[in-house]
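Just below is one structure, and these are the notes that go with it.
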Amino acid sequence: MGQNSQESDGEWRRCVCPGSYDPVTNGHLDIIGRAAQLFDEVVVAVLHNPAKRGTFEVEERLDFLRVALGDQLASGQVRVQAFAGRLLVDVCREVGAVAVVKGLRGTGDLGYELPMALMNRHLTGVETVFLAADPALEHVSSSLVKEVAAYGGDVTGLVPDLVLRRLLELRNRSQGSQGSHGSQGSQEEG
Ligand code: PNS
């Protein structure tokens with residue numbers, strides 16, 4: 001992506017919101033929206049390891065994000081991109097991001113995120129900005145919503161509508177197939 005005049009004036013700031021997004025949750029969307037209030041552009045980076053199969057194919061994860069972020073994508077302030085088998089610091093360098101933005105849902109997240117933030121800063125100097133998760137969404141993670149949905153729990157309001165529909169489809173399919181025990185969460189990334 002070429003530099004526009006705003007970008008080259010020195011005040012312009014792009015950040016990366018990285019994740020597996022397998023699938024995107026309303027917790028992710030809250031963080032992306034708040035990052036867009038702090039930075040001029042947000043790159044939502046779907047980072048995936050080609051050696052690991054997620055629950056959803058990367059193209060479908062991107063579709064979920066594109067639909068959920070429709071207005072923000074149209075405004076040009078947010079874009080969505082997939083990166084395979086890459087270090088986050090290299091992604092930041094490639095897109096010209098000065099910071100990584102992540103949500104923190106509690107001390108468990110901090111223990112997981114802090115070493116990565118420090119390592120990323122060690123590698124290239126890129127900073128990580130942590131945003132406190134909305135308390136109403138503190139219990140929401142991709143893996144938990146998948147597990148709850150797989151066993152018939154209601155995750156309405158925790159994920160975008162399209163994701164909700166796909167989780168219900170997966171649940172119906174696994175119920176319909178003989179000998180299946182809700183294996184949609186196996187071999188997950190992240
Ligand atoms: O949504 P997730 O699974 O919590 O996201 C984790 C992710 C993809 C952001 C993290 O695993 C990551 O940054 N992966 C890219 C590879 C990398 O840079 N690893 C070294 C981190 S210090």
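Simple scheme: letters A, B, ... for chains in structure tokens order, numbers from 1 for residues in each chain, numbers from 1 for ligands in the order shown.
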
Kindly compile the residues surrounding ligand 1 within 9 Å, counting only C-alpha atoms and all ligand atoms, and format them as a short mmCIF file (atom, residue, chain, number, x, y, z; two decimals) with N, CA and C atoms, in the first residue's frame.
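Contents of part-v9.cif, freshly written:
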data_model
loop_
_atom_site.label_atom_id
_atom_site.label_comp_id
_atom_site.auth_asym_id
_atom_site.auth_seq_id
_atom_site.Cartn_x
_atom_site.Cartn_y
_atom_site.Cartn_z
N CYS A 17 -4.16 -5.10 14.79
CA CYS A 17 -4.89 -5.92 15.76
C CYS A 17 -4.75 -7.37 15.30
N PRO A 18 -3.81 -8.12 15.88
CA PRO A 18 -3.56 -9.47 15.38
C PRO A 18 -4.39 -10.52 16.12
N GLY A 19 -4.56 -11.66 15.49
CA GLY A 19 -5.24 -12.76 16.17
C GLY A 19 -5.48 -13.90 15.21
N SER A 20 -5.95 -15.00 15.77
CA SER A 20 -6.34 -16.13 14.93
C SER A 20 -7.74 -15.89 14.36
N TYR A 21 -8.56 -15.17 15.11
CA TYR A 21 -9.94 -14.86 14.68
C TYR A 21 -10.66 -16.11 14.19
N ASP A 22 -10.62 -17.14 14.99
CA ASP A 22 -11.18 -18.44 14.57
C ASP A 22 -12.31 -18.87 15.50
N VAL A 24 -14.02 -14.60 14.73
CA VAL A 24 -14.10 -13.29 15.40
C VAL A 24 -15.25 -13.31 16.40
N ALA A 45 -5.14 -8.25 11.41
CA ALA A 45 -4.26 -9.25 10.80
C ALA A 45 -4.66 -10.64 11.29
N VAL A 46 -5.14 -11.46 10.35
CA VAL A 46 -5.49 -12.84 10.68
C VAL A 46 -4.21 -13.66 10.50
N LEU A 47 -3.59 -14.02 11.61
CA LEU A 47 -2.32 -14.75 11.57
C LEU A 47 -2.62 -16.23 11.72
N HIS A 48 -2.12 -17.02 10.80
CA HIS A 48 -2.41 -18.45 10.91
C HIS A 48 -1.19 -19.26 10.55
N ASN A 49 -1.16 -20.43 11.16
CA ASN A 49 -0.07 -21.36 10.92
C ASN A 49 -0.56 -22.39 9.91
N PHE A 83 -2.18 -13.42 7.05
CA PHE A 83 -0.73 -13.65 6.95
C PHE A 83 -0.46 -15.08 7.41
N ALA A 84 0.28 -15.83 6.60
CA ALA A 84 0.53 -17.23 6.93
C ALA A 84 1.97 -17.41 7.37
N GLY A 85 2.14 -18.10 8.52
CA GLY A 85 3.48 -18.49 8.96
C GLY A 85 4.44 -17.32 9.09
N ARG A 86 3.98 -16.22 9.65
CA ARG A 86 4.82 -15.02 9.75
C ARG A 86 4.92 -14.57 11.19
N LEU A 87 6.06 -13.95 11.52
CA LEU A 87 6.18 -13.29 12.81
C LEU A 87 5.33 -12.02 12.79
N LEU A 88 4.72 -11.74 13.93
CA LEU A 88 3.91 -10.52 14.03
C LEU A 88 4.76 -9.27 13.76
N VAL A 89 6.00 -9.29 14.24
CA VAL A 89 6.84 -8.10 14.02
C VAL A 89 7.10 -7.86 12.53
N ASP A 90 7.19 -8.95 11.76
CA ASP A 90 7.40 -8.79 10.31
C ASP A 90 6.14 -8.25 9.64
N VAL A 91 4.98 -8.70 10.15
CA VAL A 91 3.72 -8.18 9.63
C VAL A 91 3.64 -6.67 9.91
N LYS A 102 -4.01 -4.97 21.58
CA LYS A 102 -4.62 -6.22 22.05
C LYS A 102 -5.55 -5.94 23.22
N ASP A 109 -4.84 -13.38 30.65
CA ASP A 109 -4.41 -12.81 29.38
C ASP A 109 -3.07 -12.10 29.53
N TYR A 112 -0.13 -14.35 29.43
CA TYR A 112 0.10 -14.89 28.08
C TYR A 112 0.65 -13.80 27.15
N GLU A 113 0.09 -12.60 27.29
CA GLU A 113 0.41 -11.53 26.34
C GLU A 113 1.71 -10.79 26.65
N PRO A 115 4.80 -11.62 27.82
CA PRO A 115 6.07 -12.08 27.22
C PRO A 115 6.11 -11.83 25.71
N MET A 116 4.95 -11.98 25.05
CA MET A 116 4.93 -11.73 23.59
C MET A 116 5.17 -10.25 23.29
N ALA A 117 4.54 -9.39 24.10
CA ALA A 117 4.74 -7.95 23.89
C ALA A 117 6.20 -7.58 24.09
N LEU A 118 6.82 -8.16 25.13
CA LEU A 118 8.22 -7.84 25.42
C LEU A 118 9.14 -8.41 24.32
N MET A 119 8.81 -9.62 23.87
CA MET A 119 9.62 -10.22 22.79
C MET A 119 9.50 -9.40 21.51
N ASN A 120 8.29 -8.97 21.19
CA ASN A 120 8.11 -8.18 19.97
C ASN A 120 8.87 -6.86 20.07
N ARG A 121 8.85 -6.26 21.26
CA ARG A 121 9.58 -5.00 21.45
C ARG A 121 11.08 -5.24 21.35
N LEU A 123 12.49 -7.54 19.54
CA LEU A 123 12.86 -7.86 18.16
C LEU A 123 12.95 -6.62 17.27
N SER A 141 -14.28 -15.73 24.47
CA SER A 141 -13.10 -16.08 23.66
C SER A 141 -13.59 -16.96 22.52
N SER A 142 -12.80 -17.02 21.45
CA SER A 142 -13.19 -17.86 20.30
C SER A 142 -13.36 -19.31 20.74
N GLU A 189 -5.92 -23.50 16.21
CA GLU A 189 -4.79 -22.60 16.30
C GLU A 189 -4.91 -21.76 17.54
N GLY A 190 -3.80 -21.23 17.94
CA GLY A 190 -3.79 -20.24 19.01
C GLY A 190 -3.99 -20.80 20.34
#

Residues of segment 50-114 of chain A in strand (DSSP E or B), written as number ranges by chain: A: 78-84, 99-104

Writer output for current selection, N, CA and C atoms, as a CSV table (one decimal), in the first residue's frame:
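As written to disk, part15.csv reads:
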chain,number,residue,atom,x,y,z
A,78,VAL,N,-10.3,0.8,8.6
A,78,VAL,CA,-9.9,-0.5,9.0
A,78,VAL,C,-9.8,-1.4,7.7
A,79,ARG,N,-8.8,-2.2,7.8
A,79,ARG,CA,-8.7,-3.2,6.7
A,79,ARG,C,-8.3,-4.6,7.3
A,80,VAL,N,-8.6,-5.6,6.5
A,80,VAL,CA,-8.5,-7.0,7.0
A,80,VAL,C,-7.5,-7.7,6.1
A,81,GLN,N,-6.6,-8.4,6.7
A,81,GLN,CA,-5.6,-9.1,5.8
A,81,GLN,C,-5.1,-10.4,6.5
A,82,ALA,N,-4.8,-11.4,5.7
A,82,ALA,CA,-4.3,-12.7,6.3
A,82,ALA,C,-2.8,-12.8,6.1
A,83,PHE,N,-2.2,-13.4,7.0
A,83,PHE,CA,-0.7,-13.6,6.9
A,83,PHE,C,-0.5,-15.1,7.4
A,84,ALA,N,0.3,-15.8,6.6
A,84,ALA,CA,0.5,-17.2,6.9
A,84,ALA,C,2.0,-17.4,7.4
A,99,ALA,N,2.4,0.1,16.2
A,99,ALA,CA,1.9,-0.6,17.5
A,99,ALA,C,1.0,-1.7,17.2
A,100,VAL,N,1.0,-2.6,18.1
A,100,VAL,CA,0.1,-3.8,18.2
A,100,VAL,C,-1.0,-3.4,19.2
A,101,VAL,N,-2.2,-3.6,18.9
A,101,VAL,CA,-3.3,-3.4,19.9
A,101,VAL,C,-3.9,-4.7,20.3
A,102,LYS,N,-4.0,-5.0,21.6
A,102,LYS,CA,-4.6,-6.2,22.0
A,102,LYS,C,-5.5,-5.9,23.2
A,103,GLY,N,-6.5,-6.8,23.4
A,103,GLY,CA,-7.4,-6.7,24.5
A,103,GLY,C,-6.9,-7.5,25.7
A,104,LEU,N,-7.2,-7.1,26.9
A,104,LEU,CA,-6.8,-7.9,28.1
A,104,LEU,C,-8.1,-8.2,28.9

Contacts of Arg34 of chain A at 12 Å (only C-alpha atoms; same-chain gap of 3+ positions) as a list of chain:residue names: A:Cys15, A:Cys17, A:Gly27, A:His28, A:Leu29, A:Asp30, A:Ile31, A:Gln37, A:Leu38, A:Phe39, A:Asp40, A:Glu41, A:Val42, A:Gln72, A:Gln77, A:Val78, A:Val101, A:Lys102, A:Gly103, A:Val129, A:Phe130, A:Leu131, A:Ala132, A:Ala133, A:Asp134

Restricting it to N, CA and C atoms, dump the selection as an mmCIF file, in the first residue's frame.
data_model
loop_
_atom_site.group_PDB
_atom_site.id
_atom_site.type_symbol
_atom_site.label_atom_id
_atom_site.label_comp_id
_atom_site.auth_asym_id
_atom_site.auth_seq_id
_atom_site.Cartn_x
_atom_site.Cartn_y
_atom_site.Cartn_z
ATOM 1 N N CYS A 15 -1.983 0.883 13.341
ATOM 2 C CA CYS A 15 -1.728 -0.216 14.288
ATOM 3 C C CYS A 15 -2.205 -1.532 13.674
ATOM 4 N N CYS A 17 -4.160 -5.104 14.793
ATOM 5 C CA CYS A 17 -4.893 -5.923 15.765
ATOM 6 C C CYS A 17 -4.751 -7.373 15.296
ATOM 7 N N GLY A 27 -16.008 -9.532 21.393
ATOM 8 C CA GLY A 27 -14.882 -8.989 22.162
ATOM 9 C C GLY A 27 -13.812 -8.441 21.229
ATOM 10 N N HIS A 28 -13.491 -9.186 20.173
ATOM 11 C CA HIS A 28 -12.534 -8.687 19.172
ATOM 12 C C HIS A 28 -13.043 -7.394 18.549
ATOM 13 N N LEU A 29 -14.334 -7.395 18.185
ATOM 14 C CA LEU A 29 -14.887 -6.219 17.487
ATOM 15 C C LEU A 29 -14.829 -4.984 18.367
ATOM 16 N N ASP A 30 -15.047 -5.177 19.671
ATOM 17 C CA ASP A 30 -14.954 -4.049 20.602
ATOM 18 C C ASP A 30 -13.532 -3.470 20.604
ATOM 19 N N ILE A 31 -12.543 -4.350 20.647
ATOM 20 C CA ILE A 31 -11.144 -3.882 20.673
ATOM 21 C C ILE A 31 -10.777 -3.202 19.345
ATOM 22 N N GLN A 37 -10.364 4.305 17.250
ATOM 23 C CA GLN A 37 -10.491 5.652 17.825
ATOM 24 C C GLN A 37 -9.132 6.221 18.240
ATOM 25 N N LEU A 38 -8.167 5.316 18.398
ATOM 26 C CA LEU A 38 -6.835 5.754 18.854
ATOM 27 C C LEU A 38 -5.841 5.921 17.712
ATOM 28 N N PHE A 39 -6.067 5.165 16.629
ATOM 29 C CA PHE A 39 -5.115 5.174 15.510
ATOM 30 C C PHE A 39 -5.832 5.598 14.224
ATOM 31 N N ASP A 40 -5.049 6.064 13.263
ATOM 32 C CA ASP A 40 -5.635 6.510 12.000
ATOM 33 C C ASP A 40 -6.094 5.340 11.149
ATOM 34 N N GLU A 41 -5.359 4.226 11.251
ATOM 35 C CA GLU A 41 -5.789 3.036 10.497
ATOM 36 C C GLU A 41 -5.492 1.789 11.320
ATOM 37 N N VAL A 42 -6.391 0.837 11.234
ATOM 38 C CA VAL A 42 -6.224 -0.446 11.928
ATOM 39 C C VAL A 42 -6.143 -1.549 10.875
ATOM 40 N N GLN A 72 -16.846 0.072 8.895
ATOM 41 C CA GLN A 72 -15.481 0.553 9.150
ATOM 42 C C GLN A 72 -14.558 0.265 7.964
ATOM 43 N N GLN A 77 -10.907 3.104 7.300
ATOM 44 C CA GLN A 77 -10.094 3.212 8.517
ATOM 45 C C GLN A 77 -9.626 1.850 9.031
ATOM 46 N N VAL A 78 -10.296 0.813 8.559
ATOM 47 C CA VAL A 78 -9.943 -0.548 8.991
ATOM 48 C C VAL A 78 -9.768 -1.395 7.745
ATOM 49 N N VAL A 101 -2.215 -3.637 18.922
ATOM 50 C CA VAL A 101 -3.262 -3.396 19.934
ATOM 51 C C VAL A 101 -3.928 -4.716 20.270
ATOM 52 N N LYS A 102 -4.011 -4.970 21.582
ATOM 53 C CA LYS A 102 -4.624 -6.220 22.049
ATOM 54 C C LYS A 102 -5.549 -5.938 23.217
ATOM 55 N N GLY A 103 -6.546 -6.778 23.370
ATOM 56 C CA GLY A 103 -7.439 -6.680 24.520
ATOM 57 C C GLY A 103 -6.929 -7.546 25.657
ATOM 58 N N VAL A 129 -0.042 -1.987 22.752
ATOM 59 C CA VAL A 129 -0.995 -1.212 23.554
ATOM 60 C C VAL A 129 -2.082 -2.190 24.009
ATOM 61 N N PHE A 130 -2.259 -2.296 25.334
ATOM 62 C CA PHE A 130 -3.297 -3.178 25.862
ATOM 63 C C PHE A 130 -4.525 -2.362 26.229
ATOM 64 N N LEU A 131 -5.670 -2.809 25.749
ATOM 65 C CA LEU A 131 -6.937 -2.176 26.105
ATOM 66 C C LEU A 131 -7.689 -3.120 27.038
ATOM 67 N N ALA A 132 -8.181 -2.568 28.135
ATOM 68 C CA ALA A 132 -8.952 -3.389 29.075
ATOM 69 C C ALA A 132 -10.243 -3.828 28.395
ATOM 70 N N ALA A 133 -10.496 -5.122 28.422
ATOM 71 C CA ALA A 133 -11.703 -5.642 27.769
ATOM 72 C C ALA A 133 -12.948 -5.068 28.431
ATOM 73 N N ASP A 134 -13.988 -4.896 27.627
ATOM 74 C CA ASP A 134 -15.289 -4.510 28.157
ATOM 75 C C ASP A 134 -15.722 -5.591 29.159
#

Polymer residues at most 10 Å from Leu164 of chain A, only C-alpha atoms, same-chain spacing of 3 or more positions, as a list in words: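 My reading of the contact set: Pro23, Thr25, Val145, Lys146, Ala149, Asp154, Val155, Thr156, Gly157, Leu158, Val159, Pro160, Asp161, Leu167, Leu168, Glu169 and Leu170 of chain A.
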
Those same residues, written as a compact mmCIF listing (two decimals), in the first residue's frame with C-alpha atoms?
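Ended up saving to part05.txt:
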# COMPACT_ATOMS: atom_id res chain seq x y z
CA PRO A 23 -13.83 -17.01 14.65
CA THR A 25 -16.09 -12.53 18.57
CA VAL A 145 -17.89 -19.75 22.24
CA LYS A 146 -17.06 -22.68 19.96
CA ALA A 149 -22.06 -23.65 20.80
CA ASP A 154 -26.60 -20.10 23.41
CA VAL A 155 -23.86 -17.68 22.35
CA THR A 156 -26.21 -15.02 21.00
CA GLY A 157 -24.75 -11.57 21.58
CA LEU A 158 -21.22 -12.89 21.97
CA VAL A 159 -20.40 -13.24 18.26
CA PRO A 160 -21.60 -11.51 15.07
CA ASP A 161 -24.79 -12.93 13.53
CA LEU A 167 -21.68 -22.20 14.68
CA LEU A 168 -25.27 -23.47 14.67
CA GLU A 169 -24.67 -25.13 11.30
CA LEU A 170 -21.57 -26.86 12.64

Among listed residues A:Leu144, A:Val16, A:Ile32, A:Leu137, nearest Ala68 of chain A (using only C-alpha atoms): A:Ile32

Filtered DSSP result for chain A, state helix (DSSP H, G or I), as a ChimeraX atom specification: /A:7-9,26-38,58-68,70-75,88-95,107-124,135-137,142-150,161-176,183-185
